[in-house]
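Undergrad: Okay, so here is input-v9.cif, and as you'll see once you scroll down, it has mmCIF, C-alpha atoms.
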data_run
#
loop_
_atom_site.label_atom_id
_atom_site.label_comp_id
_atom_site.auth_asym_id
_atom_site.auth_seq_id
_atom_site.Cartn_x
_atom_site.Cartn_y
_atom_site.Cartn_z
CA MET A 9 40.49 -49.62 -54.44
CA ASP A 10 42.70 -48.36 -51.66
CA PRO A 11 42.04 -50.08 -48.29
CA VAL A 12 41.62 -46.72 -46.58
CA THR A 13 39.08 -45.72 -49.17
CA GLN A 14 37.28 -49.00 -48.69
CA LEU A 15 37.15 -48.40 -44.92
CA ASP A 16 35.75 -44.91 -45.37
CA ALA A 17 33.18 -46.16 -47.79
CA ARG A 18 31.67 -48.53 -45.29
CA PRO A 19 28.29 -47.41 -44.03
CA ALA A 20 28.43 -45.88 -40.56
CA ALA A 21 26.65 -47.70 -37.80
CA ALA A 22 23.29 -46.22 -36.88
CA GLU A 23 23.45 -44.18 -33.66
CA PRO A 24 20.87 -45.11 -31.03
CA THR A 25 18.08 -42.55 -30.70
CA VAL A 26 16.80 -41.36 -27.33
CA ASP A 27 13.36 -39.89 -26.80
CA ASP A 28 13.15 -36.45 -25.25
CA GLU A 29 10.98 -37.85 -22.49
CA ASP A 30 13.76 -40.25 -21.44
CA LEU A 31 16.31 -37.47 -21.00
CA ILE A 32 17.08 -36.63 -17.38
CA VAL A 33 18.23 -33.11 -16.60
CA ALA A 34 20.61 -33.10 -13.67
CA LYS A 35 19.85 -30.28 -11.26
CA LYS A 36 22.71 -28.15 -10.03
CA TRP A 37 23.49 -28.61 -6.37
CA HIS A 38 23.43 -25.44 -4.23
CA PRO A 39 24.64 -26.40 -0.76
CA TRP A 40 24.83 -22.85 0.58
CA ARG A 41 21.17 -22.24 -0.18
CA TRP A 42 20.20 -25.21 1.95
CA ILE A 43 22.54 -24.16 4.77
CA VAL A 44 21.11 -20.62 4.84
CA SER A 45 17.57 -21.99 4.69
CA VAL A 46 18.21 -24.30 7.64
CA VAL A 47 19.74 -21.48 9.71
CA VAL A 48 16.77 -19.18 8.97
CA LEU A 49 14.27 -21.91 9.85
CA VAL A 50 16.05 -22.57 13.14
CA LEU A 51 15.94 -18.87 14.04
CA VAL A 52 12.25 -18.67 13.14
CA ALA A 53 11.53 -21.77 15.23
CA GLN A 54 13.33 -20.24 18.20
CA PHE A 55 11.34 -17.02 17.85
CA VAL A 56 8.03 -18.89 17.66
CA HIS A 57 9.02 -21.02 20.65
CA GLY A 58 9.76 -17.85 22.61
CA LEU A 59 6.37 -16.41 21.70
CA ALA A 60 4.65 -19.55 22.94
CA THR A 61 6.63 -20.17 26.14
CA ASN A 62 7.83 -16.78 27.41
CA PRO A 63 5.38 -15.67 30.14
CA GLY A 64 6.24 -12.03 29.49
CA TRP A 65 4.04 -11.99 26.40
CA ASP A 66 1.02 -12.71 28.63
CA TRP A 67 -1.27 -14.08 25.91
CA THR A 68 -4.12 -14.40 28.41
CA THR A 69 -4.28 -10.60 28.77
CA PHE A 70 -3.87 -10.26 25.02
CA ALA A 71 -6.91 -12.48 24.41
CA GLN A 72 -8.89 -10.58 27.05
CA TYR A 73 -8.45 -7.18 25.41
CA PHE A 74 -8.08 -8.11 21.74
CA THR A 75 -11.82 -7.82 21.08
CA ALA A 76 -12.76 -5.64 24.05
CA ALA A 77 -15.46 -3.06 23.39
CA SER A 78 -13.14 -0.11 24.04
CA VAL A 79 -10.49 -1.50 21.68
CA MET A 80 -13.01 -2.19 18.92
CA SER A 81 -14.43 1.33 19.25
CA ALA A 82 -10.93 2.79 19.01
CA LEU A 83 -10.18 0.56 16.01
CA TRP A 84 -13.29 1.83 14.23
CA LEU A 85 -12.19 5.42 14.84
CA THR A 86 -8.76 4.58 13.40
CA ILE A 87 -10.42 3.19 10.26
CA GLN A 88 -12.55 6.34 9.95
CA LEU A 89 -9.52 8.60 10.28
CA THR A 90 -7.72 6.59 7.60
CA PHE A 91 -10.72 6.61 5.26
CA TRP A 92 -11.44 10.32 5.44
CA GLY A 93 -7.77 11.27 5.43
CA THR A 94 -7.24 9.17 2.30
CA LEU A 95 -10.40 10.32 0.51
CA ILE A 96 -9.95 14.04 1.16
CA GLY A 97 -6.16 13.88 0.80
CA PHE A 98 -6.21 12.23 -2.61
CA ALA A 99 -9.04 14.51 -3.81
CA ILE A 100 -6.94 17.57 -2.94
CA GLY A 101 -3.79 15.85 -4.24
CA ILE A 102 -5.34 15.22 -7.67
CA GLY A 103 -6.29 18.90 -7.88
CA LEU A 104 -2.76 19.92 -6.89
CA ALA A 105 -1.22 17.57 -9.46
CA VAL A 106 -3.45 18.93 -12.23
CA ALA A 107 -2.64 22.50 -11.17
CA ARG A 108 1.09 21.83 -11.24
CA LEU A 109 0.87 20.27 -14.70
CA SER A 110 -1.29 23.09 -16.07
CA ASN A 111 -0.04 25.99 -18.16
CA ASN A 112 -1.23 28.53 -15.59
CA PRO A 113 1.86 29.91 -13.79
CA VAL A 114 -0.19 31.06 -10.78
CA LEU A 115 -1.61 27.57 -10.21
CA GLN A 116 1.83 26.04 -10.73
CA VAL A 117 3.41 28.26 -8.07
CA ILE A 118 0.59 27.75 -5.55
CA SER A 119 0.66 23.98 -6.05
CA TRP A 120 4.45 23.82 -5.73
CA PHE A 121 4.43 25.98 -2.59
CA TYR A 122 1.71 23.84 -0.96
CA ILE A 123 3.59 20.61 -1.65
CA TRP A 124 6.87 22.11 -0.44
CA ALA A 125 5.34 23.47 2.77
CA PHE A 126 3.32 20.44 3.86
CA ARG A 127 6.13 17.99 3.09
CA SER A 128 8.56 20.11 5.10
CA ILE A 129 6.46 20.41 8.27
CA PRO A 130 6.27 17.27 10.46
CA LEU A 131 2.85 15.67 10.70
CA ILE A 132 2.72 15.99 14.49
CA VAL A 133 3.25 19.77 14.21
CA GLN A 134 0.43 20.05 11.67
CA LEU A 135 -1.94 18.06 13.87
CA LEU A 136 -1.20 20.17 16.94
CA PHE A 137 -1.61 23.35 14.89
CA TRP A 138 -5.09 22.39 13.74
CA PHE A 139 -5.98 21.13 17.20
CA ASN A 140 -5.14 24.58 18.61
CA ILE A 141 -6.46 26.64 15.69
CA ALA A 142 -8.97 28.32 18.02
CA TYR A 143 -6.10 30.27 19.62
CA LEU A 144 -5.64 32.08 16.29
CA TYR A 145 -9.19 32.22 14.99
CA GLN A 146 -12.13 32.16 17.39
CA THR A 147 -14.70 32.41 14.58
CA LEU A 148 -14.93 31.36 10.93
CA THR A 149 -16.71 33.66 8.50
CA LEU A 150 -18.05 32.87 5.04
CA GLY A 151 -18.89 35.73 2.73
CA ILE A 152 -17.49 38.13 0.15
CA PRO A 153 -13.77 38.85 0.64
CA PHE A 154 -13.34 42.29 2.25
CA GLY A 155 -17.14 42.53 2.19
CA PRO A 156 -20.20 41.43 4.09
CA ALA A 157 -20.28 38.03 5.83
CA PHE A 158 -23.13 35.58 5.29
CA PHE A 159 -22.32 32.90 7.86
CA GLU A 160 -20.25 32.91 11.03
CA PHE A 161 -19.21 29.87 13.06
CA ASN A 162 -17.51 29.36 16.38
CA VAL A 163 -14.29 27.42 15.74
CA ASN A 164 -14.55 25.40 18.95
CA ASN A 165 -18.00 24.21 17.91
CA VAL A 166 -17.04 23.40 14.32
CA ILE A 167 -13.53 21.93 14.61
CA SER A 168 -13.52 19.18 17.24
CA GLY A 169 -10.56 16.98 18.04
CA SER A 170 -11.53 14.34 15.45
CA THR A 171 -12.20 17.01 12.82
CA ALA A 172 -8.81 18.60 13.46
CA ALA A 173 -7.18 15.18 13.12
CA ILE A 174 -8.90 14.53 9.79
CA ILE A 175 -7.94 17.99 8.49
CA GLY A 176 -4.32 17.53 9.52
CA LEU A 177 -4.05 14.01 8.08
CA ALA A 178 -5.82 14.96 4.84
CA LEU A 179 -3.78 18.10 4.14
CA HIS A 180 -0.55 16.27 4.94
CA GLN A 181 -1.57 13.35 2.72
CA ALA A 182 -2.53 15.70 -0.13
CA ALA A 183 1.05 16.90 -0.56
CA TYR A 184 2.37 13.37 -1.07
CA SER A 185 -0.62 12.28 -3.13
CA ALA A 186 -0.08 15.18 -5.52
CA GLU A 187 3.45 14.04 -6.31
CA ILE A 188 2.34 10.43 -6.74
CA VAL A 189 -0.42 11.41 -9.17
CA ARG A 190 1.85 13.81 -11.05
CA ALA A 191 4.56 11.16 -11.41
CA GLY A 192 2.00 8.69 -12.76
CA ILE A 193 0.65 11.16 -15.32
CA ILE A 194 4.03 12.24 -16.67
CA SER A 195 5.09 8.58 -16.97
CA VAL A 196 2.60 8.09 -19.81
CA ASP A 197 4.33 8.05 -23.19
CA GLN A 198 3.92 11.37 -25.01
CA GLY A 199 3.27 9.43 -28.19
CA GLN A 200 -0.07 8.41 -26.71
CA LEU A 201 -1.08 12.07 -26.39
CA GLU A 202 0.11 12.88 -29.88
CA ALA A 203 -1.87 9.96 -31.30
CA ALA A 204 -4.98 11.08 -29.42
CA ALA A 205 -4.58 14.63 -30.71
CA ALA A 206 -4.11 13.36 -34.27
CA LEU A 207 -7.36 11.40 -33.98
CA GLY A 208 -9.19 14.47 -32.70
CA ILE A 209 -10.09 12.95 -29.31
CA PRO A 210 -11.38 15.60 -26.86
CA LYS A 211 -9.05 16.48 -23.98
CA ARG A 212 -11.41 15.21 -21.29
CA ARG A 213 -11.88 11.86 -22.98
CA GLU A 214 -8.15 11.69 -23.70
CA PHE A 215 -7.37 12.15 -20.00
CA PHE A 216 -9.89 9.66 -18.58
CA LYS A 217 -9.71 6.99 -21.30
CA ILE A 218 -6.03 7.08 -22.25
CA VAL A 219 -3.83 8.96 -19.79
CA LEU A 220 -5.46 8.02 -16.49
CA ARG A 221 -5.78 4.31 -17.25
CA GLN A 222 -2.09 4.05 -18.11
CA ALA A 223 -1.03 6.30 -15.25
CA MET A 224 -2.89 4.15 -12.73
CA ARG A 225 -0.31 1.39 -13.15
CA GLY A 226 2.34 3.75 -11.78
CA ILE A 227 0.09 5.50 -9.27
CA LEU A 228 -1.43 2.48 -7.51
CA PRO A 229 1.64 0.89 -5.83
CA ASN A 230 2.82 4.20 -4.35
CA ALA A 231 -0.71 5.26 -3.47
CA ALA A 232 -1.32 1.98 -1.63
CA ASN A 233 1.90 2.48 0.32
CA GLU A 234 0.72 5.96 1.30
CA VAL A 235 -2.63 4.62 2.50
CA ILE A 236 -0.88 1.99 4.62
CA SER A 237 1.49 4.63 6.01
CA LEU A 238 -1.47 6.87 6.81
CA PHE A 239 -3.23 4.01 8.58
CA LYS A 240 -0.23 3.47 10.82
CA GLY A 241 0.37 7.22 11.07
CA THR A 242 -2.97 7.71 12.77
CA SER A 243 -1.20 6.60 15.95
CA ILE A 244 0.34 10.09 16.07
CA VAL A 245 -3.17 11.43 16.73
CA SER A 246 -2.77 10.03 20.26
CA VAL A 247 -0.91 13.26 21.19
CA MET A 248 -4.26 15.05 20.76
CA ALA A 249 -5.93 12.70 23.30
CA ILE A 250 -8.19 11.25 20.61
CA ALA A 251 -9.27 7.71 21.47
CA GLU A 252 -7.91 5.93 18.43
CA LEU A 253 -6.37 2.46 18.69
CA PHE A 254 -2.91 3.32 20.01
CA TYR A 255 -4.23 5.90 22.49
CA GLN A 256 -6.80 3.47 23.87
CA VAL A 257 -4.13 0.80 24.30
CA GLN A 258 -2.01 3.31 26.20
CA VAL A 259 -4.92 4.13 28.49
CA ILE A 260 -5.50 0.45 29.28
CA TYR A 261 -1.90 -0.49 30.03
CA GLY A 262 -1.58 2.72 32.04
CA ARG A 263 -4.21 1.27 34.36
CA ASN A 264 -3.20 -2.40 34.60
CA GLY A 265 0.53 -2.14 33.82
CA ARG A 266 0.39 -4.90 31.14
CA VAL A 267 2.41 -2.99 28.55
CA VAL A 268 3.61 -5.79 26.26
CA PRO A 269 0.33 -7.69 25.72
CA LEU A 270 -1.56 -4.44 25.13
CA LEU A 271 1.04 -3.29 22.61
CA MET A 272 0.62 -6.66 20.91
CA VAL A 273 -3.13 -6.02 20.70
CA ALA A 274 -2.48 -2.84 18.71
CA THR A 275 0.28 -4.50 16.69
CA VAL A 276 -1.86 -7.46 15.59
CA TRP A 277 -4.76 -5.21 14.59
CA TYR A 278 -2.38 -3.03 12.54
CA ILE A 279 -1.01 -6.15 10.86
CA ILE A 280 -4.49 -7.51 10.08
CA LEU A 281 -5.80 -4.32 8.51
CA THR A 282 -2.54 -3.68 6.64
CA SER A 283 -2.79 -7.19 5.20
CA VAL A 284 -6.36 -6.50 4.07
CA LEU A 285 -5.20 -3.31 2.34
CA SER A 286 -2.39 -5.27 0.66
CA VAL A 287 -4.88 -7.82 -0.69
CA VAL A 288 -7.07 -5.03 -2.08
CA GLN A 289 -3.97 -3.46 -3.62
CA PHE A 290 -3.07 -6.74 -5.34
CA TYR A 291 -6.47 -7.12 -7.01
CA VAL A 292 -6.68 -3.46 -8.07
CA GLU A 293 -3.18 -3.60 -9.58
CA ARG A 294 -4.10 -6.86 -11.30
CA HIS A 295 -7.14 -5.18 -12.85
CA TYR A 296 -5.12 -2.29 -14.27
CA ALA A 297 -2.36 -4.62 -15.48
CA LYS A 298 -4.64 -5.82 -18.29
CA GLY A 299 -3.22 -4.80 -21.62
CA ALA A 300 0.21 -4.03 -20.15
CA VAL A 301 1.51 -7.55 -19.54
CA ARG A 302 1.23 -10.71 -21.58
CA THR A 303 -0.02 -12.80 -18.67
CA ILE A 304 -2.16 -11.50 -15.82
CA PRO A 305 -0.70 -12.52 -12.42
CA LEU A 306 -2.47 -15.47 -10.86
CA THR A 307 -4.47 -14.97 -7.71
CA PRO A 308 -3.49 -17.04 -4.64
CA ILE A 309 -6.49 -19.33 -5.22
CA GLN A 310 -5.52 -19.82 -8.86
CA LYS A 311 -1.94 -20.63 -7.82
CA ILE A 312 -3.17 -23.28 -5.38
CA ARG A 313 -5.40 -24.82 -8.05
CA LYS A 314 -2.49 -24.89 -10.48
CA ARG A 315 -0.21 -26.62 -7.95
CA VAL A 316 -2.90 -29.18 -7.15
CA ALA A 317 -3.45 -29.83 -10.86
CA GLU A 318 0.29 -30.34 -11.39
CA ILE A 319 0.47 -32.81 -8.51
CA THR A 320 -2.58 -34.83 -9.53
CA ALA A 321 -1.81 -34.75 -13.28
CA PRO A 322 -0.46 -38.01 -14.77
CA PRO A 323 3.26 -38.02 -15.72
CA ARG A 324 4.13 -36.85 -19.19
CA GLY A 325 3.89 -39.68 -21.66
CA GLY A 326 2.41 -41.99 -19.07
CA ALA A 327 -0.58 -44.15 -19.75
CA THR A 328 -3.92 -43.04 -18.38
CA ARG A 329 -6.75 -45.31 -17.42
#
Rewrite the coordinates I just gave you, this time as structure tokens.
TA:
Amino acid sequence: MDPVTQLDARPAAAEPTVDDEDLIVAKKWHPWRWIVSVVVLVLVAQFVHGLATNPGWDWTTFAQYFTAASVMSALWLTIQLTFWGTLIGFAIGIGLAVARLSNNPVLQVISWFYIWAFRSIPLIVQLLFWFNIAYLYQTLTLGIPFGPAFFEFNVNNVISGSTAAIIGLALHQAAYSAEIVRAGIISVDQGQLEAAAALGIPKRREFFKIVLRQAMRGILPNAANEVISLFKGTSIVSVMAIAELFYQVQVIYGRNGRVVPLLMVATVWYIILTSVLSVVQFYVERHYAKGAVRTIPLTPIQKIRKRVAEITAPPRGGATR
């Protein structure tokens, strides 16, 4: 036999085997990430240090007025304006969205014109218009058009400052809500509607059980943003001398001259309530995400429990006692 053939015929030496658990994956080094992180942390630390040491913030005055009775009363009025503006605005907006998606050309034109008009006019102009509506109409009459009247009201007695604010906020909100709802409805796959029609599902059940549940996933994020914007937009009502949060803060610092700490009072309350709305938004979106994603997003408490479990869990392959 040829020597080369004899060499090739020799059995190859067995290669050492390595368990998967013994393999070490080397992480890629990202120096710029650490540099940027350090710079950001330094800037944040400087900002926090300024908040704590700069006497201009006047945290003593802030603490004095943060839970004052006048501020809490104004905060409650702000919440009421947001609630009624959202409730009435989205109720009208849903009707406008349905009208625009209907096959009735009259309803389509009226809905389109309403949305176009109220999105074009600034909110402050709308609020002042409703606040001064008595200059145009001294009385309101309910009855048959061009016929006898059944009830008659004095506008000044019916539409107060708070009522005018709610009307202005709600009608303004309705225009944006209508587009949000319409966008969510038309985002539903047409195949869903065709399948429902093939199965003979009634239109009402088709809308509430199929269309609306799928449309909510697209409606909720934008709707929540609108609610938060409306909550902050209630500060515009201060031009009508309505004692909501921002107006009350202005009144107080107009008396004592402590502008910055009083502005911080309003700012912190806006942040707190906006954060509460964001938490509600997260759980509502999580509820409607069922069936659309493979894994439902974890809640903050579930994330903490998972991290704790990972830390306290024994190493992989390690012996447990």
Undergrad: So which one's closest to Thr75 (chain A), A:Ile279, A:Gln310, A:Val273, A:Leu131? Using all atoms listed in the file, please.
TA: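 Nearest candidate to Thr75 (chain A) out of A:Ile279, A:Gln310, A:Val273, A:Leu131: A:Val273.
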Undergrad: Report the residues retrieved by the PyMOL selection byres ((chain A and resi 231) around 12) from the displayed file, expressed as a PyMOL selection string.
TA: chain A and resi 94-95+97-98+101-102+181-182+184-192+223-230+232-238+285-286+289+292-293
Undergrad: Taking all listed atoms of region 212-226 of chain A, build the axis-aligned box, pad each of the six sides by 8 Å, then write its centre and edge lengths in Å to one decimal as JSON.
TA:
{"center_x": -4.8, "center_y": 8.3, "center_z": -17.7, "size_x": 30.2, "size_y": 29.8, "size_z": 27.9}
Undergrad: Quick one: residues within 12 Å of Gly265 (chain A), all atoms listed in the file counted, chain neighbours fewer than 6 positions away excluded, as a PyMOL selection string?
TA: chain A and resi 66+69+257-259+271
Undergrad: For Val268 (chain A), which of A:Asn62, A:Ser246, A:Gln146, A:Gln134 is the closest residue, counting all atoms listed in the file?
TA: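 Going through A:Asn62, A:Ser246, A:Gln146, A:Gln134 one by one, the smallest distance to Val268 (chain A) is for A:Asn62.
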Undergrad: Counting all atoms listed in the file, which of A:Met248, A:Ala274, A:Ile132, A:Val106 gets nearest to Ser168 (chain A)?
TA: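 Once distances to Ser168 (chain A) are computed over all atoms listed in the file, the minimum belongs to A:Met248.
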Undergrad: Would you kindly translate the PyMOL selection byres ((chain A and resi 170-173) around 12) into the concrete residues it picks from this file, as a PDB file with C-alpha atoms, in the coordinates of the input?
TA:
ATOM      1  CA  LEU A  85     -12.190   5.420  14.840  1.00  0.00           C
ATOM      2  CA  THR A  86      -8.760   4.580  13.400  1.00  0.00           C
ATOM      3  CA  GLN A  88     -12.550   6.340   9.950  1.00  0.00           C
ATOM      4  CA  LEU A  89      -9.520   8.600  10.280  1.00  0.00           C
ATOM      5  CA  THR A  90      -7.720   6.590   7.600  1.00  0.00           C
ATOM      6  CA  TRP A  92     -11.440  10.320   5.440  1.00  0.00           C
ATOM      7  CA  GLY A  93      -7.770  11.270   5.430  1.00  0.00           C
ATOM      8  CA  LEU A 131       2.850  15.670  10.700  1.00  0.00           C
ATOM      9  CA  ILE A 132       2.720  15.990  14.490  1.00  0.00           C
ATOM     10  CA  VAL A 133       3.250  19.770  14.210  1.00  0.00           C
ATOM     11  CA  GLN A 134       0.430  20.050  11.670  1.00  0.00           C
ATOM     12  CA  LEU A 135      -1.940  18.060  13.870  1.00  0.00           C
ATOM     13  CA  LEU A 136      -1.200  20.170  16.940  1.00  0.00           C
ATOM     14  CA  PHE A 137      -1.610  23.350  14.890  1.00  0.00           C
ATOM     15  CA  TRP A 138      -5.090  22.390  13.740  1.00  0.00           C
ATOM     16  CA  PHE A 139      -5.980  21.130  17.200  1.00  0.00           C
ATOM     17  CA  ASN A 140      -5.140  24.580  18.610  1.00  0.00           C
ATOM     18  CA  ILE A 141      -6.460  26.640  15.690  1.00  0.00           C
ATOM     19  CA  ALA A 142      -8.970  28.320  18.020  1.00  0.00           C
ATOM     20  CA  VAL A 163     -14.290  27.420  15.740  1.00  0.00           C
ATOM     21  CA  ASN A 164     -14.550  25.400  18.950  1.00  0.00           C
ATOM     22  CA  ASN A 165     -18.000  24.210  17.910  1.00  0.00           C
ATOM     23  CA  VAL A 166     -17.040  23.400  14.320  1.00  0.00           C
ATOM     24  CA  ILE A 167     -13.530  21.930  14.610  1.00  0.00           C
ATOM     25  CA  SER A 168     -13.520  19.180  17.240  1.00  0.00           C
ATOM     26  CA  GLY A 169     -10.560  16.980  18.040  1.00  0.00           C
ATOM     27  CA  ILE A 174      -8.900  14.530   9.790  1.00  0.00           C
ATOM     28  CA  ILE A 175      -7.940  17.990   8.490  1.00  0.00           C
ATOM     29  CA  GLY A 176      -4.320  17.530   9.520  1.00  0.00           C
ATOM     30  CA  LEU A 177      -4.050  14.010   8.080  1.00  0.00           C
ATOM     31  CA  ALA A 178      -5.820  14.960   4.840  1.00  0.00           C
ATOM     32  CA  LEU A 179      -3.780  18.100   4.140  1.00  0.00           C
ATOM     33  CA  HIS A 180      -0.550  16.270   4.940  1.00  0.00           C
ATOM     34  CA  GLN A 181      -1.570  13.350   2.720  1.00  0.00           C
ATOM     35  CA  LEU A 238      -1.470   6.870   6.810  1.00  0.00           C
ATOM     36  CA  GLY A 241       0.370   7.220  11.070  1.00  0.00           C
ATOM     37  CA  THR A 242      -2.970   7.710  12.770  1.00  0.00           C
ATOM     38  CA  SER A 243      -1.200   6.600  15.950  1.00  0.00           C
ATOM     39  CA  ILE A 244       0.340  10.090  16.070  1.00  0.00           C
ATOM     40  CA  VAL A 245      -3.170  11.430  16.730  1.00  0.00           C
ATOM     41  CA  SER A 246      -2.770  10.030  20.260  1.00  0.00           C
ATOM     42  CA  VAL A 247      -0.910  13.260  21.190  1.00  0.00           C
ATOM     43  CA  MET A 248      -4.260  15.050  20.760  1.00  0.00           C
ATOM     44  CA  ALA A 249      -5.930  12.700  23.300  1.00  0.00           C
ATOM     45  CA  ILE A 250      -8.190  11.250  20.610  1.00  0.00           C
ATOM     46  CA  ALA A 251      -9.270   7.710  21.470  1.00  0.00           C
ATOM     47  CA  GLU A 252      -7.910   5.930  18.430  1.00  0.00           C
TER      48      GLU A 252
END
Undergrad: Using the chain letters and numbers from the file, which residues does the PyMOL selection byres ((chain A and resi 160) around 12) grab, as an MDAnalysis selection string?
TA: chainID A and resid 145:151 156:159 161:163 165:166
Undergrad: How about saving the chosen residues, C-alpha atoms kept, as a PDB file, keeping the file's coordinate frame?
TA:
ATOM      1  CA  TYR A 145      -9.190  32.220  14.990  1.00  0.00           C
ATOM      2  CA  GLN A 146     -12.130  32.160  17.390  1.00  0.00           C
ATOM      3  CA  THR A 147     -14.700  32.410  14.580  1.00  0.00           C
ATOM      4  CA  LEU A 148     -14.930  31.360  10.930  1.00  0.00           C
ATOM      5  CA  THR A 149     -16.710  33.660   8.500  1.00  0.00           C
ATOM      6  CA  LEU A 150     -18.050  32.870   5.040  1.00  0.00           C
ATOM      7  CA  GLY A 151     -18.890  35.730   2.730  1.00  0.00           C
ATOM      8  CA  PRO A 156     -20.200  41.430   4.090  1.00  0.00           C
ATOM      9  CA  ALA A 157     -20.280  38.030   5.830  1.00  0.00           C
ATOM     10  CA  PHE A 158     -23.130  35.580   5.290  1.00  0.00           C
ATOM     11  CA  PHE A 159     -22.320  32.900   7.860  1.00  0.00           C
ATOM     12  CA  PHE A 161     -19.210  29.870  13.060  1.00  0.00           C
ATOM     13  CA  ASN A 162     -17.510  29.360  16.380  1.00  0.00           C
ATOM     14  CA  VAL A 163     -14.290  27.420  15.740  1.00  0.00           C
ATOM     15  CA  ASN A 165     -18.000  24.210  17.910  1.00  0.00           C
ATOM     16  CA  VAL A 166     -17.040  23.400  14.320  1.00  0.00           C
TER      17      VAL A 166
END
Undergrad: Let me make sure I understand: among A:Phe126, A:Phe290, A:Phe239, A:Phe215, which one has the smallest atom-to-atom distance to Leu201 (chain A) if we use only C-alpha atoms?
TA: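 Of A:Phe126, A:Phe290, A:Phe239, A:Phe215, the one nearest Leu201 (chain A), counting only C-alpha atoms, is A:Phe215.
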Undergrad: Rounded to one decimal in Å, what is the spacing between CA of Ala99 (chain A) and CA of Ser119 (chain A)?
TA: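 Spanning CA of Ala99 (chain A) to CA of Ser119 (chain A) is a straight-line distance of 13.7 Å.
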Undergrad: Could you check the closest approach to Gly64 (chain A) for each of A:Arg108, A:Leu270, A:Val50, A:Gln116 and tell me which residue wins, using only C-alpha atoms?
TA: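 For Gly64 (chain A), the nearest of the given residues is A:Leu270.
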Undergrad: If you measure from CA of Ala77 (chain A) to CA of Tyr261 (chain A), what distance in Å do you get, rounded to one decimal?
TA: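 Computing it gives 15.3 Å between the two atoms.
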Undergrad: For CA of Ser78 (chain A) and CA of Gln256 (chain A), quote the distance in Å rounded to one decimal.
TA: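 Taking CA of Ser78 (chain A) as the start and CA of Gln256 (chain A) as the end point, the length is 7.3 Å.
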Undergrad: Rank A:Ala183, A:Leu83, A:Val47, A:Ala71 by their smallest atom-to-atom distance to Ile96 (chain A), using all atoms listed in the file, and report the top residue only.
TA: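 Nearest candidate to Ile96 (chain A) out of A:Ala183, A:Leu83, A:Val47, A:Ala71: A:Ala183.
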